[in-house]
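Listing of work_35.cif; format and content: mmCIF, C-alpha atoms.
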data_protein
#
loop_
_atom_site.label_atom_id
_atom_site.label_comp_id
_atom_site.auth_asym_id
_atom_site.auth_seq_id
_atom_site.Cartn_x
_atom_site.Cartn_y
_atom_site.Cartn_z
CA MET W 284 -80.43 9.72 -8.02
CA SER W 285 -79.29 8.07 -4.78
CA SER W 286 -81.84 6.37 -2.54
CA LYS W 287 -80.94 8.86 0.22
CA GLN W 288 -81.31 11.88 -2.07
CA SER W 289 -84.75 13.40 -2.17
CA ALA W 290 -86.44 14.52 -5.39
CA SER W 291 -85.48 18.12 -4.61
CA GLY W 292 -81.74 17.23 -4.51
CA GLU W 293 -81.48 17.57 -0.74
CA VAL W 294 -79.34 15.26 1.37
CA SER W 295 -78.23 14.96 4.98
CA LEU W 296 -75.08 16.65 6.20
CA ARG W 297 -73.28 13.28 6.41
CA ALA W 298 -74.32 12.38 2.84
CA TYR W 299 -73.11 15.78 1.60
CA ALA W 300 -69.77 15.24 3.37
CA ARG W 301 -69.43 11.91 1.50
CA HIS W 302 -70.41 13.68 -1.76
CA ARG W 303 -67.70 16.34 -1.19
CA GLY W 304 -65.18 13.80 0.08
CA VAL W 305 -64.64 15.66 3.33
CA ALA W 306 -65.23 14.97 6.99
CA LEU W 307 -68.62 15.74 8.50
CA SER W 308 -66.91 18.34 10.68
CA ALA W 309 -65.81 20.22 7.53
CA VAL W 310 -69.42 20.46 6.37
CA GLN W 311 -70.55 21.56 9.82
CA LYS W 312 -67.80 24.19 9.90
CA ALA W 313 -68.78 25.40 6.42
CA ILE W 314 -72.37 25.86 7.64
CA THR W 315 -71.27 27.62 10.83
CA SER W 316 -68.99 29.99 8.92
CA GLY W 317 -71.70 30.71 6.32
CA ARG W 318 -69.89 29.14 3.36
CA ILE W 319 -72.93 26.95 2.66
CA LYS W 320 -76.50 26.99 3.93
CA LYS W 321 -78.97 24.36 5.09
CA THR W 322 -82.46 24.28 3.66
CA ALA W 323 -85.52 24.98 5.80
CA GLY W 324 -85.78 21.23 6.41
CA GLY W 325 -82.24 21.09 7.83
CA LYS W 326 -80.85 19.32 4.74
CA ILE W 327 -78.30 20.35 2.12
CA ASN W 328 -79.22 21.16 -1.49
CA ILE W 329 -76.33 19.56 -3.36
CA VAL W 330 -76.33 21.90 -6.38
CA ALA W 331 -76.66 25.11 -4.34
CA ALA W 332 -74.14 23.92 -1.75
CA ASP W 333 -71.59 22.91 -4.41
CA LEU W 334 -71.84 26.35 -6.03
CA ALA W 335 -71.60 28.12 -2.66
CA TRP W 336 -68.70 25.91 -1.57
CA ALA W 337 -66.75 26.74 -4.74
CA ALA W 338 -67.56 30.46 -4.52
CA ASN W 339 -66.78 30.82 -0.83
CA THR W 340 -63.62 28.71 -0.66
CA ASP W 341 -60.36 30.61 -0.43
CA LEU W 342 -58.19 28.75 -2.94
CA ALA W 343 -55.04 30.04 -1.24
CA LYS W 344 -55.95 27.98 1.82
CA ARG W 345 -56.33 24.75 -0.14
CA PRO W 346 -53.45 22.27 -0.32
CA PRO W 347 -51.23 23.00 -3.35
CA ASP W 348 -51.94 19.65 -4.98
CA ALA W 349 -55.74 19.94 -4.66
CA ALA W 350 -57.65 20.70 -7.84
CA ALA W 351 -60.38 23.33 -7.79
CA PHE W 352 -63.19 20.78 -7.61
CA ASP W 353 -61.78 17.27 -7.87
CA LEU W 354 -63.77 14.80 -5.87
CA PRO W 355 -61.63 12.29 -4.00
CA ASP W 356 -62.18 8.56 -4.09
CA LEU W 357 -65.30 7.92 -2.03
CA SER W 358 -64.59 4.23 -1.48
CA ASP W 359 -63.86 4.94 2.21
CA PRO W 360 -66.77 7.08 3.54
CA ASP W 361 -65.12 7.30 6.99
CA ASP W 362 -62.04 9.02 5.52
CA ASP W 363 -61.33 12.17 7.52
CA ILE W 364 -60.35 14.56 4.73
CA ASP W 365 -60.83 18.02 6.15
CA ASP W 366 -60.41 21.15 4.04
CA SER W 367 -61.89 23.44 6.65
CA ASP W 368 -60.30 26.71 7.75
CA ALA W 369 -56.59 26.39 7.13
CA PRO W 370 -55.22 28.83 9.75
CA VAL W 371 -55.91 26.31 12.52
CA THR W 372 -54.27 23.56 10.50
CA SER W 373 -51.30 25.69 9.47
CA GLU W 374 -50.73 26.87 13.08
CA TYR W 375 -50.79 23.25 14.17
CA GLN W 376 -48.42 22.32 11.34
CA LYS W 377 -46.02 25.13 12.35
CA HIS W 378 -45.97 23.96 15.96
CA ARG W 379 -45.59 20.35 14.91
CA ALA W 380 -42.73 21.22 12.54
CA ASN W 381 -41.06 23.21 15.31
CA ARG W 382 -41.44 20.30 17.73
CA GLU W 383 -40.01 17.89 15.14
CA GLU W 384 -37.06 20.21 14.50
CA ILE W 385 -36.30 20.33 18.23
CA ARG W 386 -36.57 16.53 18.45
CA VAL W 387 -34.15 16.09 15.52
CA LYS W 388 -31.64 18.52 17.08
CA LYS W 389 -31.88 16.72 20.42
CA GLU W 390 -31.32 13.33 18.78
CA GLN W 391 -28.34 14.71 16.81
CA LEU W 392 -26.85 16.10 20.02
CA GLU W 393 -27.31 12.74 21.78
CA LEU W 394 -25.67 10.97 18.82
CA ASP W 395 -22.75 13.42 18.84
CA MET W 396 -22.30 12.82 22.58
CA LEU W 397 -22.33 9.03 22.10
CA MET W 398 -19.76 9.29 19.30
CA GLY W 399 -17.53 11.50 21.44
CA ASN W 400 -17.86 14.56 19.21
CA THR W 401 -19.09 16.77 22.05
CA ILE W 402 -18.14 17.21 25.67
CA ASP W 403 -19.89 18.39 28.77
CA LEU W 404 -19.63 22.13 29.56
CA ALA W 405 -17.94 21.44 32.91
CA ASP W 406 -15.33 19.28 31.15
CA ALA W 407 -14.73 22.01 28.56
CA GLN W 408 -14.26 24.59 31.30
CA ARG W 409 -11.82 22.32 33.13
CA ILE W 410 -9.84 21.71 29.92
CA ILE W 411 -9.62 25.42 29.15
CA PHE W 412 -8.56 26.18 32.72
CA THR W 413 -5.84 23.51 32.61
CA ALA W 414 -4.53 24.64 29.21
CA MET W 415 -4.43 28.30 30.22
CA ARG W 416 -2.73 27.49 33.53
CA THR W 417 -0.08 25.48 31.66
CA ILE W 418 0.57 28.41 29.30
CA ARG W 419 0.69 30.88 32.20
CA ASP W 420 3.14 28.73 34.15
CA ALA W 421 5.46 28.32 31.16
CA ILE W 422 5.57 32.08 30.55
CA MET W 423 5.89 33.03 34.21
CA ASN W 424 8.92 30.71 34.60
CA VAL W 425 10.91 32.65 31.99
CA PRO W 426 12.05 35.47 34.36
CA ALA W 427 13.05 33.04 37.12
CA ARG W 428 15.15 30.94 34.73
CA ASN W 429 16.82 33.91 33.02
CA LYS W 430 17.21 36.60 35.70
CA ASP W 431 20.95 36.11 36.19
CA LEU W 432 21.70 36.04 32.47
CA LEU W 433 19.62 39.16 31.85
CA ALA W 434 21.13 41.02 34.82
CA ALA W 435 24.64 40.55 33.42
CA GLU W 436 23.63 41.79 29.95
CA LYS W 437 24.11 45.51 29.18
CA ASP W 438 22.96 45.67 25.52
CA PRO W 439 19.16 46.34 25.24
CA ALA W 440 18.96 44.64 21.82
CA ARG W 441 20.64 41.53 23.25
CA ILE W 442 18.22 41.55 26.27
CA GLU W 443 15.24 41.80 23.90
CA ALA W 444 16.57 38.95 21.74
CA LEU W 445 17.14 36.75 24.81
CA LEU W 446 13.61 37.45 26.12
CA GLU W 447 12.03 36.70 22.74
CA SER W 448 14.05 33.50 22.44
CA GLU W 449 13.15 32.32 25.96
CA LEU W 450 9.43 33.19 25.57
CA ALA W 451 9.29 31.36 22.22
CA ALA W 452 10.99 28.32 23.75
CA ALA W 453 8.58 28.38 26.71
CA LEU W 454 5.56 28.53 24.43
CA GLN W 455 6.90 25.79 22.15
CA SER W 456 7.56 23.52 25.12
CA ILE W 457 3.89 23.46 26.09
CA ASP W 458 2.33 20.10 25.27
CA VAL W 459 -1.31 21.13 24.98
CA LYS W 460 -2.50 17.62 24.19
CA SER W 461 -1.10 16.19 27.40
CA ALA W 462 -2.38 19.20 29.35
CA LEU W 463 -5.86 18.59 27.95
CA LYS W 464 -5.77 14.91 28.90
CA GLU W 465 -4.75 15.56 32.51
CA GLN W 466 -7.46 14.98 35.05
CA PRO W 467 -7.62 17.35 38.03
CA ASN W 468 -6.25 15.95 41.25
CA GLU W 469 -9.29 14.99 43.32
CA GLU W 470 -7.37 15.58 46.57
CA GLU W 471 -6.55 19.14 45.52
CA THR W 472 -8.92 21.77 46.91
CA GLU W 473 -9.94 25.01 45.30
CA ASP W 474 -7.20 27.02 47.01
CA GLY W 475 -4.56 24.64 45.63
CA SER W 476 -3.71 22.96 48.96
CA HIS W 477 -3.49 19.18 49.33
#
Written form, structure tokens:
Amino acid sequence: MSSKQSASGEVSLRAYARHRGVALSAVQKAITSGRIKKTAGGKINIVAADLAWAANTDLAKRPPDAAAFDLPDLSDPDDDIDDSDAPVTSEYQKHRANREEIRVKKEQLELDMLMGNTIDLADAQRIIFTAMRTIRDAIMNVPARNKDLLAAEKDPARIEALLESELAAALQSIDVKSALKEQPNEEETEDGSH
């Protein structure tokens, strides 16, 4: 029998927390929730409290690696092991995991930007605009280049073949890579004037 344990097996809340290997707050929470009871003298009966603790503990809320009634190493009495109500802990763990996931995504995005694997939205929009304008210009120049040749042609099949040939040539002549590398002219305004 410990020097702090009375003859009736009653101990203080702090001593019972050390006996269970949990934080004092876990014992206080167990008393508040009715899992265990204090004696009339405000102490804890170890035997009765151990039985009540085991009977009133929801094993589904215990960590998966915790045994039903294994006592942890009591060499560090200030250890804050807390097996109190798990919903608070699991909500916290969910929020923490969510925050960590966001942090990892943000760091990955920053790394991708540093490595040049991503571009700014405004740059992407400018690149798309430039590429589409280059394609449009190449296609729209086909009629101007071929109007005289097409006007002299009387055979519809020959006109269709010429148009297909000229459109294919116009599309093949587009150098998308150079169009994507072009920077917009800073002197050029939105309406296209200089």
Return the single residue from W:Ser295, W:Gly304, W:Val310, W:Asn339 that is closest to W:Gly325, with distances computed using all atoms listed in the file.
W:Ser295
For atom CA of W:His302 and atom CA of W:Asn328, quote the distance in Å rounded to one decimal.
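Between these atoms lies a distance of 11.6 Å.
Going from atom CA of W:Arg318 to atom CA of W:Ala331 covers 11.0 Å.
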Atom pair atom CA of W:Leu445 + atom CA of W:Thr417, distance 21.7 Å
Excluding W:Pro426 and any residue of its chain fewer than 3 positions from it, enumerate the residues within 12 Å of it, using all atoms listed in the file, and give them as a list in words.
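The residues satisfying every condition are Asp420, Ala421, Ile422, Met423, Asn429, Lys430, Asp431, Leu432, Leu433, Ala434, Ile442, Leu445, Leu446, Glu447, Glu449, Leu450 and Ala453 of chain W.
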Apply the PyMOL selection byres ((chain W and resi 317) around 12) to the displayed file and report the matching residues as a PDB file with C-alpha atoms, in the coordinates of the input.
ATOM      1  CA  VAL W 310     -69.420  20.460   6.370  1.00  0.00           C
ATOM      2  CA  GLN W 311     -70.550  21.560   9.820  1.00  0.00           C
ATOM      3  CA  LYS W 312     -67.800  24.190   9.900  1.00  0.00           C
ATOM      4  CA  ALA W 313     -68.780  25.400   6.420  1.00  0.00           C
ATOM      5  CA  ILE W 314     -72.370  25.860   7.640  1.00  0.00           C
ATOM      6  CA  THR W 315     -71.270  27.620  10.830  1.00  0.00           C
ATOM      7  CA  SER W 316     -68.990  29.990   8.920  1.00  0.00           C
ATOM      8  CA  ARG W 318     -69.890  29.140   3.360  1.00  0.00           C
ATOM      9  CA  ILE W 319     -72.930  26.950   2.660  1.00  0.00           C
ATOM     10  CA  LYS W 320     -76.500  26.990   3.930  1.00  0.00           C
ATOM     11  CA  LYS W 321     -78.970  24.360   5.090  1.00  0.00           C
ATOM     12  CA  ALA W 332     -74.140  23.920  -1.750  1.00  0.00           C
ATOM     13  CA  ALA W 335     -71.600  28.120  -2.660  1.00  0.00           C
ATOM     14  CA  TRP W 336     -68.700  25.910  -1.570  1.00  0.00           C
ATOM     15  CA  ALA W 338     -67.560  30.460  -4.520  1.00  0.00           C
ATOM     16  CA  ASN W 339     -66.780  30.820  -0.830  1.00  0.00           C
ATOM     17  CA  THR W 340     -63.620  28.710  -0.660  1.00  0.00           C
TER      18      THR W 340
END
